[in-house]
Every structure is written in C-alpha cells, then in structure tokens.
file my_file-v6.json (JSON, C-alpha atoms)
[["chain", "number", "residue", "atom", "x", "y", "z"],
["A", 1, "MET", "CA", 10.75, -71.68, 16.72],
["A", 2, "SER", "CA", 9.57, -71.17, 20.30],
["A", 3, "THR", "CA", 8.94, -67.45, 19.69],
["A", 4, "ILE", "CA", 6.80, -68.18, 16.63],
["A", 5, "LEU", "CA", 4.77, -70.92, 18.33],
["A", 6, "GLU", "CA", 4.10, -68.84, 21.44],
["A", 7, "SER", "CA", 1.81, -66.41, 19.62],
["A", 8, "HIS", "CA", -0.47, -66.03, 16.63],
["A", 9, "GLY", "CA", 0.12, -63.45, 13.92],
["A", 10, "ASP", "CA", -1.85, -60.80, 15.83],
["A", 11, "GLY", "CA", 0.21, -61.34, 18.99],
["A", 12, "SER", "CA", -2.46, -63.27, 20.91],
["A", 13, "PRO", "CA", -1.24, -66.29, 22.94],
["A", 14, "ASN", "CA", -0.86, -69.63, 21.19],
["A", 15, "PHE", "CA", 1.20, -72.53, 22.63],
["A", 16, "ASP", "CA", 2.57, -72.56, 26.17],
["A", 17, "VAL", "CA", 6.09, -73.50, 25.09],
["A", 18, "ARG", "CA", 8.64, -75.31, 27.22],
["A", 19, "LEU", "CA", 12.00, -74.78, 25.55],
["A", 20, "MET", "CA", 14.68, -77.39, 26.21],
["A", 21, "THR", "CA", 18.02, -76.74, 24.54],
["A", 22, "SER", "CA", 21.62, -77.57, 25.43],
["A", 23, "PRO", "CA", 23.57, -76.14, 27.23],
["A", 24, "ARG", "CA", 20.64, -74.26, 28.77],
["A", 25, "VAL", "CA", 19.16, -77.60, 29.82],
["A", 26, "ALA", "CA", 21.02, -80.91, 29.97],
["A", 27, "VAL", "CA", 18.64, -82.89, 27.76],
["A", 28, "THR", "CA", 19.44, -86.31, 29.15],
["A", 29, "ARG", "CA", 17.30, -89.36, 28.57],
["A", 30, "PRO", "CA", 15.43, -89.06, 31.92],
["A", 31, "VAL", "CA", 14.86, -85.32, 31.42],
["A", 32, "LEU", "CA", 13.49, -85.71, 27.89],
["A", 33, "ARG", "CA", 11.40, -88.73, 28.84],
["A", 34, "GLU", "CA", 9.81, -86.86, 31.75],
["A", 35, "ALA", "CA", 9.06, -83.84, 29.56],
["A", 36, "ILE", "CA", 7.40, -85.94, 26.84],
["A", 37, "GLU", "CA", 5.33, -87.84, 29.41],
["A", 38, "LYS", "CA", 4.12, -84.57, 30.95],
["A", 39, "LEU", "CA", 3.32, -83.13, 27.53],
["A", 40, "PHE", "CA", 1.01, -85.99, 26.61],
["A", 41, "ALA", "CA", -0.40, -86.52, 30.12],
["A", 42, "GLY", "CA", -2.98, -83.73, 29.95],
["A", 43, "ASP", "CA", -6.29, -83.35, 28.14],
["A", 44, "SER", "CA", -5.57, -80.10, 26.33],
["A", 45, "ASP", "CA", -6.95, -79.18, 22.90],
["A", 46, "MET", "CA", -3.53, -79.73, 21.38],
["A", 47, "ALA", "CA", -0.18, -81.16, 22.47],
["A", 48, "LEU", "CA", 2.75, -80.40, 20.16],
["A", 49, "LEU", "CA", 6.17, -82.07, 20.37],
["A", 50, "TYR", "CA", 8.90, -80.47, 18.25],
["A", 51, "PHE", "CA", 12.29, -82.17, 18.35],
["A", 52, "SER", "CA", 15.33, -80.92, 16.46],
["A", 53, "GLY", "CA", 18.52, -82.82, 17.11],
["A", 54, "HIS", "CA", 20.17, -86.14, 16.39],
["A", 55, "GLY", "CA", 18.30, -89.24, 15.35],
["A", 56, "TYR", "CA", 19.60, -92.80, 15.30],
["A", 57, "ILE", "CA", 18.21, -96.05, 13.99],
["A", 58, "THR", "CA", 19.03, -99.61, 15.04],
["A", 59, "SER", "CA", 17.56, -103.02, 14.42],
["A", 60, "THR", "CA", 15.05, -102.27, 17.17],
["A", 61, "GLY", "CA", 13.82, -98.97, 15.75],
["A", 62, "GLY", "CA", 14.48, -95.24, 15.77],
["A", 63, "TYR", "CA", 15.72, -93.11, 18.69],
["A", 64, "LEU", "CA", 15.75, -89.44, 19.65],
["A", 65, "VAL", "CA", 19.37, -89.07, 20.75],
["A", 66, "THR", "CA", 19.97, -87.39, 24.13],
["A", 67, "THR", "CA", 23.10, -85.77, 25.56],
["A", 68, "ASP", "CA", 23.93, -88.84, 27.68],
["A", 69, "ALA", "CA", 23.62, -91.28, 24.77],
["A", 70, "LYS", "CA", 25.86, -94.31, 24.70],
["A", 71, "LYS", "CA", 25.98, -97.52, 22.75],
["A", 72, "TYR", "CA", 22.85, -99.63, 23.27],
["A", 73, "ASP", "CA", 21.25, -96.73, 25.14],
["A", 74, "GLU", "CA", 20.99, -94.04, 22.49],
["A", 75, "GLY", "CA", 18.09, -92.08, 23.90],
["A", 76, "ILE", "CA", 14.28, -92.10, 23.73],
["A", 77, "SER", "CA", 12.71, -94.78, 21.58],
["A", 78, "MET", "CA", 10.42, -93.38, 18.89],
["A", 79, "ASP", "CA", 8.12, -96.32, 19.57],
["A", 80, "ASP", "CA", 7.81, -95.15, 23.20],
["A", 81, "VAL", "CA", 7.02, -91.58, 22.10],
["A", 82, "LEU", "CA", 4.36, -92.94, 19.76],
["A", 83, "ASP", "CA", 2.83, -95.01, 22.57],
["A", 84, "LEU", "CA", 2.66, -91.95, 24.85],
["A", 85, "ALA", "CA", 1.01, -89.88, 22.11],
["A", 86, "ASN", "CA", -1.45, -92.65, 21.28],
["A", 87, "GLN", "CA", -2.49, -92.93, 24.93],
["A", 88, "SER", "CA", -2.82, -89.18, 25.41],
["A", 89, "LYS", "CA", -6.24, -87.69, 26.15],
["A", 90, "ALA", "CA", -5.36, -84.48, 24.33],
["A", 91, "LYS", "CA", -7.86, -83.85, 21.53],
["A", 92, "ASN", "CA", -5.09, -83.30, 19.00],
["A", 93, "LYS", "CA", -1.50, -84.50, 19.11],
["A", 94, "VAL", "CA", 1.19, -83.31, 16.72],
["A", 95, "ILE", "CA", 4.75, -84.66, 16.55],
["A", 96, "ILE", "CA", 7.30, -82.86, 14.37],
["A", 97, "LEU", "CA", 10.83, -84.26, 14.14],
["A", 98, "ASP", "CA", 13.88, -82.74, 12.48],
["A", 99, "CYS", "CA", 16.46, -85.47, 12.85],
["A", 100, "CYS", "CA", 18.07, -88.20, 10.82],
["A", 101, "HIS", "CA", 15.96, -91.34, 10.32],
["A", 102, "SER", "CA", 12.93, -89.50, 11.72],
["A", 103, "GLY", "CA", 10.61, -91.33, 9.32],
["A", 104, "ALA", "CA", 10.79, -94.28, 11.72],
["A", 105, "MET", "CA", 8.37, -92.34, 13.94],
["A", 106, "GLY", "CA", 4.85, -93.62, 13.51],
["A", 107, "THR", "CA", 5.96, -96.99, 12.13],
["A", 108, "PRO", "CA", 6.57, -99.28, 15.10],
["A", 109, "SER", "CA", 9.48, -101.66, 14.75],
["A", 110, "SER", "CA", 7.60, -104.40, 16.58],
["A", 111, "GLY", "CA", 4.98, -106.61, 14.95],
["A", 112, "ALA", "CA", 5.16, -108.62, 11.79],
["A", 113, "ALA", "CA", 3.26, -106.13, 9.65],
["A", 114, "LYS", "CA", 5.05, -103.03, 11.02],
["A", 115, "ILE", "CA", 1.96, -100.98, 10.21],
["A", 116, "ALA", "CA", 1.75, -97.40, 11.45],
["A", 117, "GLN", "CA", -0.65, -97.19, 14.39],
["A", 118, "LEU", "CA", -1.88, -93.67, 15.04],
["A", 119, "SER", "CA", -4.71, -92.89, 17.43],
["A", 120, "GLU", "CA", -7.47, -90.49, 16.45],
["A", 121, "GLY", "CA", -6.25, -86.91, 16.41],
["A", 122, "LEU", "CA", -2.56, -87.74, 15.97],
["A", 123, "SER", "CA", -0.39, -86.31, 13.19],
["A", 124, "VAL", "CA", 3.32, -86.97, 12.60],
["A", 125, "LEU", "CA", 5.56, -84.85, 10.36],
["A", 126, "THR", "CA", 9.21, -85.84, 9.93],
["A", 127, "ALA", "CA", 12.17, -84.34, 8.10],
["A", 128, "SER", "CA", 13.18, -87.51, 6.28],
["A", 129, "ARG", "CA", 12.46, -91.18, 5.66],
["A", 130, "ASP", "CA", 13.69, -93.73, 8.18],
["A", 131, "SER", "CA", 16.63, -94.53, 5.87],
["A", 132, "GLU", "CA", 17.67, -90.91, 5.26],
["A", 133, "TYR", "CA", 19.75, -88.24, 6.94],
["A", 134, "ALA", "CA", 18.37, -84.77, 7.65],
["A", 135, "ALA", "CA", 20.35, -82.03, 5.88],
["A", 136, "GLU", "CA", 21.89, -79.03, 7.63],
["A", 137, "ILE", "CA", 23.17, -75.67, 6.41],
["A", 138, "LEU", "CA", 25.37, -73.55, 8.70],
["A", 139, "GLU", "CA", 24.56, -75.86, 11.62],
["A", 140, "SER", "CA", 20.83, -75.34, 11.17],
["A", 141, "GLY", "CA", 18.39, -77.97, 9.97],
["A", 142, "VAL", "CA", 17.02, -77.30, 6.47],
["A", 143, "PHE", "CA", 13.70, -78.81, 7.56],
["A", 144, "THR", "CA", 13.44, -76.54, 10.63],
["A", 145, "SER", "CA", 14.17, -73.42, 8.58],
["A", 146, "LEU", "CA", 11.37, -74.40, 6.17],
["A", 147, "VAL", "CA", 8.94, -75.07, 9.01],
["A", 148, "ILE", "CA", 9.70, -71.62, 10.44],
["A", 149, "ASP", "CA", 9.02, -70.02, 7.04],
["A", 150, "ALA", "CA", 5.79, -72.02, 6.80],
["A", 151, "LEU", "CA", 4.65, -70.91, 10.27],
["A", 152, "LYS", "CA", 5.45, -67.28, 9.45],
["A", 153, "GLY", "CA", 2.87, -67.44, 6.67],
["A", 154, "GLY", "CA", 4.15, -69.60, 3.84],
["A", 155, "ALA", "CA", 1.70, -72.37, 4.69],
["A", 156, "ALA", "CA", -1.29, -70.19, 5.60],
["A", 157, "ASP", "CA", -4.57, -70.64, 3.74],
["A", 158, "LEU", "CA", -6.76, -67.72, 2.70],
["A", 159, "ARG", "CA", -8.32, -67.63, 6.15],
["A", 160, "GLY", "CA", -4.89, -67.37, 7.79],
["A", 161, "ASN", "CA", -4.88, -70.90, 9.21],
["A", 162, "ILE", "CA", -1.73, -73.04, 9.23],
["A", 163, "THR", "CA", -2.48, -76.74, 9.71],
["A", 164, "PRO", "CA", -0.24, -79.83, 9.91],
["A", 165, "GLY", "CA", -1.35, -80.68, 6.38],
["A", 166, "SER", "CA", -0.50, -77.27, 4.91],
["A", 167, "LEU", "CA", 2.81, -77.34, 6.81],
["A", 168, "TYR", "CA", 3.71, -80.62, 5.14],
["A", 169, "ALA", "CA", 2.64, -79.41, 1.69],
["A", 170, "TYR", "CA", 4.88, -76.34, 2.00],
["A", 171, "VAL", "CA", 7.93, -78.29, 3.23],
["A", 172, "ASP", "CA", 7.44, -81.10, 0.72],
["A", 173, "GLU", "CA", 7.44, -78.71, -2.22],
["A", 174, "ALA", "CA", 10.43, -76.74, -0.92],
["A", 175, "LEU", "CA", 12.53, -79.87, -0.32],
["A", 176, "GLY", "CA", 12.18, -81.02, -3.91],
["A", 177, "ALA", "CA", 15.87, -80.49, -4.68],
["A", 178, "TRP", "CA", 17.20, -82.14, -1.52],
["A", 179, "ASP", "CA", 18.16, -85.77, -0.99],
["A", 180, "GLN", "CA", 15.59, -86.17, 1.75],
["A", 181, "ARG", "CA", 11.83, -86.50, 1.66],
["A", 182, "PRO", "CA", 9.57, -85.39, 4.50],
["A", 183, "ILE", "CA", 7.02, -87.90, 5.77],
["A", 184, "PHE", "CA", 3.49, -87.07, 6.90],
["A", 185, "LYS", "CA", 1.23, -89.52, 8.72],
["A", 186, "THR", "CA", -2.09, -88.60, 10.25],
["A", 187, "ASN", "CA", -5.34, -89.92, 11.65],
["A", 188, "VAL", "CA", -7.71, -86.96, 11.79],
["A", 189, "THR", "CA", -11.15, -86.16, 10.46],
["A", 190, "SER", "CA", -10.32, -82.46, 10.15],
["A", 191, "PHE", "CA", -7.18, -80.40, 10.56],
["A", 192, "VAL", "CA", -6.83, -77.93, 13.39],
["A", 193, "SER", "CA", -4.77, -74.76, 13.18],
["A", 194, "LEU", "CA", -1.23, -74.71, 14.57],
["A", 195, "ARG", "CA", -1.04, -70.95, 14.14],
["A", 196, "LYS", "CA", -3.34, -68.22, 12.84],
["A", 197, "LEU", "CA", -2.35, -65.18, 10.81],
["A", 198, "THR", "CA", -4.23, -62.21, 9.44],
["A", 199, "PRO", "CA", -6.23, -63.44, 6.41],
["A", 200, "LYS", "CA", -4.83, -62.52, 3.00],
["A", 201, "VAL", "CA", -8.25, -61.08, 2.16],
["A", 202, "PRO", "CA", -10.47, -59.66, 4.93],
["A", 203, "PHE", "CA", -13.32, -61.95, 5.94],
["A", 204, "GLU", "CA", -15.90, -59.27, 5.19],
["A", 205, "VAL", "CA", -14.69, -59.20, 1.57],
["A", 206, "MET", "CA", -14.76, -62.98, 1.23],
["A", 207, "ARG", "CA", -18.26, -63.11, 2.71],
["A", 208, "ARG", "CA", -19.53, -60.83, -0.06],
["A", 209, "ILE", "CA", -18.61, -63.46, -2.64],
["A", 210, "THR", "CA", -22.19, -64.83, -2.59],
["A", 211, "GLN", "CA", -23.52, -61.32, -3.27],
["A", 212, "TYR", "CA", -21.39, -60.95, -6.38],
["A", 213, "PHE", "CA", -22.05, -64.50, -7.59],
["A", 214, "LYS", "CA", -25.60, -65.67, -6.86],
["A", 215, "GLU", "CA", -24.66, -69.18, -7.95],
["A", 216, "PRO", "CA", -21.16, -70.71, -8.13],
["A", 217, "SER", "CA", -21.52, -71.01, -11.91],
["A", 218, "SER", "CA", -22.65, -67.38, -12.31],
["A", 219, "GLU", "CA", -20.61, -64.71, -14.03],
["A", 220, "HIS", "CA", -20.46, -61.16, -12.72],
["A", 221, "LYS", "CA", -21.03, -58.78, -15.63],
["A", 222, "LEU", "CA", -18.59, -55.87, -15.79],
["A", 223, "ASP", "CA", -18.49, -52.60, -17.71],
["A", 224, "PRO", "CA", -16.39, -49.40, -17.72],
["A", 225, "SER", "CA", -18.33, -48.00, -14.74],
["A", 226, "TYR", "CA", -16.45, -50.47, -12.50],
["A", 227, "GLU", "CA", -13.06, -48.93, -13.29],
["A", 228, "ASP", "CA", -12.33, -45.80, -11.24],
["A", 229, "THR", "CA", -10.10, -44.28, -13.93],
["A", 230, "ASP", "CA", -12.88, -44.32, -16.53],
["A", 231, "ILE", "CA", -15.08, -41.31, -17.20],
["A", 232, "GLN", "CA", -18.16, -43.53, -16.65],
["A", 233, "ALA", "CA", -17.00, -44.68, -13.19],
["A", 234, "ASN", "CA", -19.78, -45.39, -10.69],
["A", 235, "SER", "CA", -18.70, -45.20, -7.03],
["A", 236, "ALA", "CA", -20.75, -48.24, -5.97],
["A", 237, "ASN", "CA", -19.43, -50.35, -8.83],
["A", 238, "VAL", "CA", -15.87, -49.19, -8.16],
["A", 239, "LEU", "CA", -16.10, -50.53, -4.61],
["A", 240, "ILE", "CA", -17.42, -53.87, -5.90],
["A", 241, "PHE", "CA", -14.61, -53.99, -8.45],
["A", 242, "LYS", "CA", -11.99, -53.46, -5.73],
["A", 243, "ASP", "CA", -13.45, -56.44, -3.86],
["A", 244, "LEU", "CA", -13.40, -58.55, -7.01],
["A", 245, "GLN", "CA", -9.78, -57.60, -7.65],
["A", 246, "LYS", "CA", -8.85, -58.68, -4.12],
["A", 247, "LEU", "CA", -10.60, -62.01, -4.68],
["A", 248, "GLN", "CA", -8.80, -62.34, -8.01],
["A", 249, "SER", "CA", -5.40, -61.69, -6.36],
["A", 250, "VAL", "CA", -5.78, -64.83, -4.22],
["A", 251, "GLY", "CA", -7.08, -67.05, -6.98],
["A", 252, "LEU", "CA", -10.81, -67.03, -6.22],
["A", 253, "VAL", "CA", -11.93, -65.05, -9.27],
["A", 254, "VAL", "CA", -10.68, -64.79, -12.88],
["A", 255, "PRO", "CA", -11.68, -62.48, -15.75],
["A", 256, "VAL", "CA", -13.55, -64.05, -18.68],
["A", 257, "ASP", "CA", -12.16, -63.50, -22.19],
["A", 258, "ALA", "CA", -9.64, -60.98, -20.89],
["A", 259, "GLU", "CA", -6.10, -61.19, -19.54],
["A", 260, "PHE", "CA", -6.65, -58.77, -16.67],
["A", 261, "MET", "CA", -9.65, -57.58, -14.66],
["A", 262, "TYR", "CA", -9.04, -54.03, -15.91],
["A", 263, "PHE", "CA", -9.57, -55.06, -19.52],
["A", 264, "ALA", "CA", -12.59, -57.16, -18.55],
["A", 265, "ALA", "CA", -14.20, -54.01, -17.15],
["A", 266, "ILE", "CA", -13.15, -51.63, -19.92],
["A", 267, "ASN", "CA", -14.33, -54.06, -22.61],
["A", 268, "SER", "CA", -17.60, -54.97, -20.81],
["A", 269, "LYS", "CA", -16.65, -58.60, -20.22],
["A", 270, "SER", "CA", -17.27, -60.50, -16.99],
["A", 271, "CYS", "CA", -15.52, -62.50, -14.26],
["A", 272, "ARG", "CA", -16.24, -65.88, -12.72],
["A", 273, "LEU", "CA", -15.25, -68.07, -9.79],
["A", 274, "THR", "CA", -12.35, -70.48, -9.99],
["A", 275, "ALA", "CA", -12.58, -74.01, -8.56],
["A", 276, "LEU", "CA", -11.06, -72.66, -5.35],
["A", 277, "GLY", "CA", -13.46, -69.75, -5.48],
["A", 278, "TYR", "CA", -16.36, -72.20, -5.59],
["A", 279, "GLN", "CA", -15.09, -73.84, -2.38],
["A", 280, "TYR", "CA", -15.04, -70.50, -0.55],
["A", 281, "TRP", "CA", -18.44, -69.59, -2.06],
["A", 282, "ARG", "CA", -19.76, -72.81, -0.54],
["A", 283, "LEU", "CA", -18.22, -72.00, 2.86],
["A", 284, "VAL", "CA", -19.85, -68.57, 2.86],
["A", 285, "ASN", "CA", -23.18, -69.93, 1.63],
["A", 286, "GLU", "CA", -23.17, -72.53, 4.43],
["A", 287, "LYS", "CA", -22.21, -69.82, 6.96],
["A", 288, "LYS", "CA", -18.93, -71.56, 7.77],
["A", 289, "LEU", "CA", -16.86, -68.48, 7.12]]
call {"tool": "encode", "arguments": {"input": "my_file-v6.json", "output": "structure tokens"}}
result
Amino acid sequence: MSTILESHGDGSPNFDVRLMTSPRVAVTRPVLREAIEKLFAGDSDMALLYFSGHGYITSTGGYLVTTDAKKYDEGISMDDVLDLANQSKAKNKVIILDCCHSGAMGTPSSGAAKIAQLSEGLSVLTASRDSEYAAEILESGVFTSLVIDALKGGAADLRGNITPGSLYAYVDEALGAWDQRPIFKTNVTSFVSLRKLTPKVPFEVMRRITQYFKEPSSEHKLDPSYEDTDIQANSANVLIFKDLQKLQSVGLVVPVDAEFMYFAAINSKSCRLTALGYQYWRLVNEKKL
C-alpha cells in the first residue's frame, strides 16, 4: 500500500508516506494518537489516513485498536479521529479504514440524532458497517487487497484519475459476494485524485473528439476508405478511423447499425457518441480536458 501511494503511475512523487506497522513500530495508543494529530495538523492539499488493523465497538462508539489495548482502553476513539479531521486545515482529508466495525467512523456516538458530521473536503471510506466484521484471506484484509487493485488502475477513469468516489465504486462492486458492505461518506464539491495513471486513451486523441463530432448528437459518416485493409483506403481517413476505434474501445463511441466499427466502415454506415462520450465531448468543448 505504501509503495503504491508514494508515486503516481509514471513514477512521479505522490504522497509522503509514514508507514507504521508492528513489529517495526510499536503502534501504541500514544504513538498512533500523535501520528494522527500530526497528519491533520498541517494545511496540505490532501491528508490521507489509511488504517488496517483491528477495530472494536462499545456502547461509547468505535475504536482503532492499538498494541497496548486493554479493557476500557481499547485504543483511539473514531470520534476523536473524526474531530481531528474536521478541524484540519488541509484542503482535502481522506480516511480509509480496513477494520471490523469501521462504519462507526463518521457517525459520532454522542448526540441524540447521531448524524454524521463531516467538514468540507472530508471523505470517509470504510471496509464494513459499524455492525460488521471485516473479512480476511490468508491474514490479509479483503478490503485492502481490493483497494490496492483499485489504486493500481481498477478504479481509474479515462483520464487516469483515481478518486475516493471511484475507489468506493470499485470496492463496492467487488465485495458483492461478501458478508460485509463498504461505507462511503463525503462532504466535497468535487473529487480530487488520490493517484494518477497513464490515460487509457491519449489526451490528444480524446481532444479530437470535437473534430470528429461537430455536435454531440452528430454522426460521423464512414465508408470503406477508412479501413486500411480495403483497396479504397485513404491514409487520412485511416488515421481518423484508428482514433475512432480507440474511442470506441473505452465506451465513448459506438457504430450505428453495425456490430463492429469494421463493418460500419465497410458497409458505409456511421458511428456516434455514447452518453459517456457526450460527457467527454463537453469537457473538450469547454477546454477542461
């Protein structure tokens, strides 16, 4: 996890990670408390807390269990972690927990309404509901393994961005067969990227989408000259067709009245934008891509 978070897909620096694992570090209550306070004390663009370990819940709320836990002093209160994150001056705060009963994070145990109170810019992703255990396979958390897969690219959008929202969507779908449900709580106006990968389609290709489709409802007329294996192939049209095929491979373009783009070209059909394609057309048209 630390290796993945330290860099983006191209190797450029990402998070400045402080790794705390036993027995490398005795993660006692004072040690963990100090580390969390320091994490949320700054005014960075993003502060990310990732905890994978034991979780415990009592009548007073949920706890991140530390190595020196004992009865009535189980570890760090999730309510306290939430307070520190809410008070943080960091522009974006992300808390990800892989522990039993982690869904208690973000829902304070105090107060009659027990309503989740998240400050602006705060997102919380947990492995399970507050009443559930977090599953393990071969001494590794199922949730953590899915988050790693998501950060490696499973949750990346077409621009290569992995956000807290896309991370949750990936994990939620993958956990469908397990007896635990991830929880996602957020208070943001727009998602920021946790990690960036090489886009599935080069930006220069996506930016040409407004050249090939003058309006989002337009169809791009094809003919055999677009297919490089045809005797009528035109080099300029072949290059356009390769772009259109790349856009089709990521769900932005579909052939009209044909099963495949090849047959659309050979039979002089056309292609059009999908609903997702329209969204990227709009981004390009508004110069946001």
call {"tool": "closest_residue", "arguments": {"input": "my_file-v6.json", "among": "A:Gly42, A:Met1, A:Leu222, A:Ser7", "to": "Leu19 of chain A", "atoms": "all atoms listed in the file"}}
result
A:Met1
call {"tool": "closest_residue", "arguments": {"input": "my_file-v6.json", "among": "A:Asp45, A:Glu34, A:Asp98, A:Asp149", "to": "Gly121 of chain A", "atoms": "only C-alpha atoms"}}
result
A:Asp45
call {"tool": "closest_residue", "arguments": {"input": "my_file-v6.json", "among": "A:Val142, A:Val188, A:Val147, A:Leu84", "to": "Ser123 of chain A", "atoms": "all atoms listed in the file"}}
result
A:Val188
call {"tool": "atom_distance", "arguments": {"input": "my_file-v6.json", "atom1": "atom CA of His220 of chain A", "atom2": "atom CA of Thr198 of chain A"}}
result
27.5 Å
call {"tool": "atom_distance", "arguments": {"input": "my_file-v6.json", "atom1": "atom CA of Val205 of chain A", "atom2": "atom CA of Gly153 of chain A"}}
result
20.1 Å
call {"tool": "residues_around", "arguments": {"input": "my_file-v6.json", "residues": "segment 272-286 of chain A", "least_positions_apart": "4", "cutoff": "10 Å", "atoms": "all atoms listed in the file", "output": "mmCIF file with C-alpha atoms, in the coordinates of the input"}}
result
data_model
loop_
_atom_site.group_PDB
_atom_site.id
_atom_site.type_symbol
_atom_site.label_atom_id
_atom_site.label_comp_id
_atom_site.auth_asym_id
_atom_site.auth_seq_id
_atom_site.Cartn_x
_atom_site.Cartn_y
_atom_site.Cartn_z
ATOM 1 C CA LEU A 158 -6.760 -67.720 2.700
ATOM 2 C CA ARG A 159 -8.320 -67.630 6.150
ATOM 3 C CA PHE A 203 -13.320 -61.950 5.940
ATOM 4 C CA MET A 206 -14.760 -62.980 1.230
ATOM 5 C CA ARG A 207 -18.260 -63.110 2.710
ATOM 6 C CA ARG A 208 -19.530 -60.830 -0.060
ATOM 7 C CA ILE A 209 -18.610 -63.460 -2.640
ATOM 8 C CA THR A 210 -22.190 -64.830 -2.590
ATOM 9 C CA GLN A 211 -23.520 -61.320 -3.270
ATOM 10 C CA TYR A 212 -21.390 -60.950 -6.380
ATOM 11 C CA PHE A 213 -22.050 -64.500 -7.590
ATOM 12 C CA LYS A 214 -25.600 -65.670 -6.860
ATOM 13 C CA GLU A 215 -24.660 -69.180 -7.950
ATOM 14 C CA PRO A 216 -21.160 -70.710 -8.130
ATOM 15 C CA SER A 217 -21.520 -71.010 -11.910
ATOM 16 C CA SER A 218 -22.650 -67.380 -12.310
ATOM 17 C CA GLU A 219 -20.610 -64.710 -14.030
ATOM 18 C CA HIS A 220 -20.460 -61.160 -12.720
ATOM 19 C CA LYS A 221 -21.030 -58.780 -15.630
ATOM 20 C CA LEU A 244 -13.400 -58.550 -7.010
ATOM 21 C CA LEU A 247 -10.600 -62.010 -4.680
ATOM 22 C CA GLN A 248 -8.800 -62.340 -8.010
ATOM 23 C CA VAL A 250 -5.780 -64.830 -4.220
ATOM 24 C CA GLY A 251 -7.080 -67.050 -6.980
ATOM 25 C CA LEU A 252 -10.810 -67.030 -6.220
ATOM 26 C CA VAL A 253 -11.930 -65.050 -9.270
ATOM 27 C CA VAL A 254 -10.680 -64.790 -12.880
ATOM 28 C CA PRO A 255 -11.680 -62.480 -15.750
ATOM 29 C CA VAL A 256 -13.550 -64.050 -18.680
#
call {"tool": "atom_distance", "arguments": {"input": "my_file-v6.json", "atom1": "atom CA of Lys288 of chain A", "atom2": "atom CA of Lys242 of chain A"}}
result
23.6 Å
call {"tool": "residues_around", "arguments": {"input": "my_file-v6.json", "residues": "Pro182 of chain A", "least_positions_apart": "2", "cutoff": "9 Å", "atoms": "only C-alpha atoms", "output": "PyMOL selection string"}}
result
chain A and resi 102-103+125-129+143+168+171-172+175+180+184
call {"tool": "closest_residue", "arguments": {"input": "my_file-v6.json", "among": "A:Val65, A:Ile36, A:Leu167, A:Leu97", "to": "Ala85 of chain A", "atoms": "all atoms listed in the file"}}
result
A:Ile36
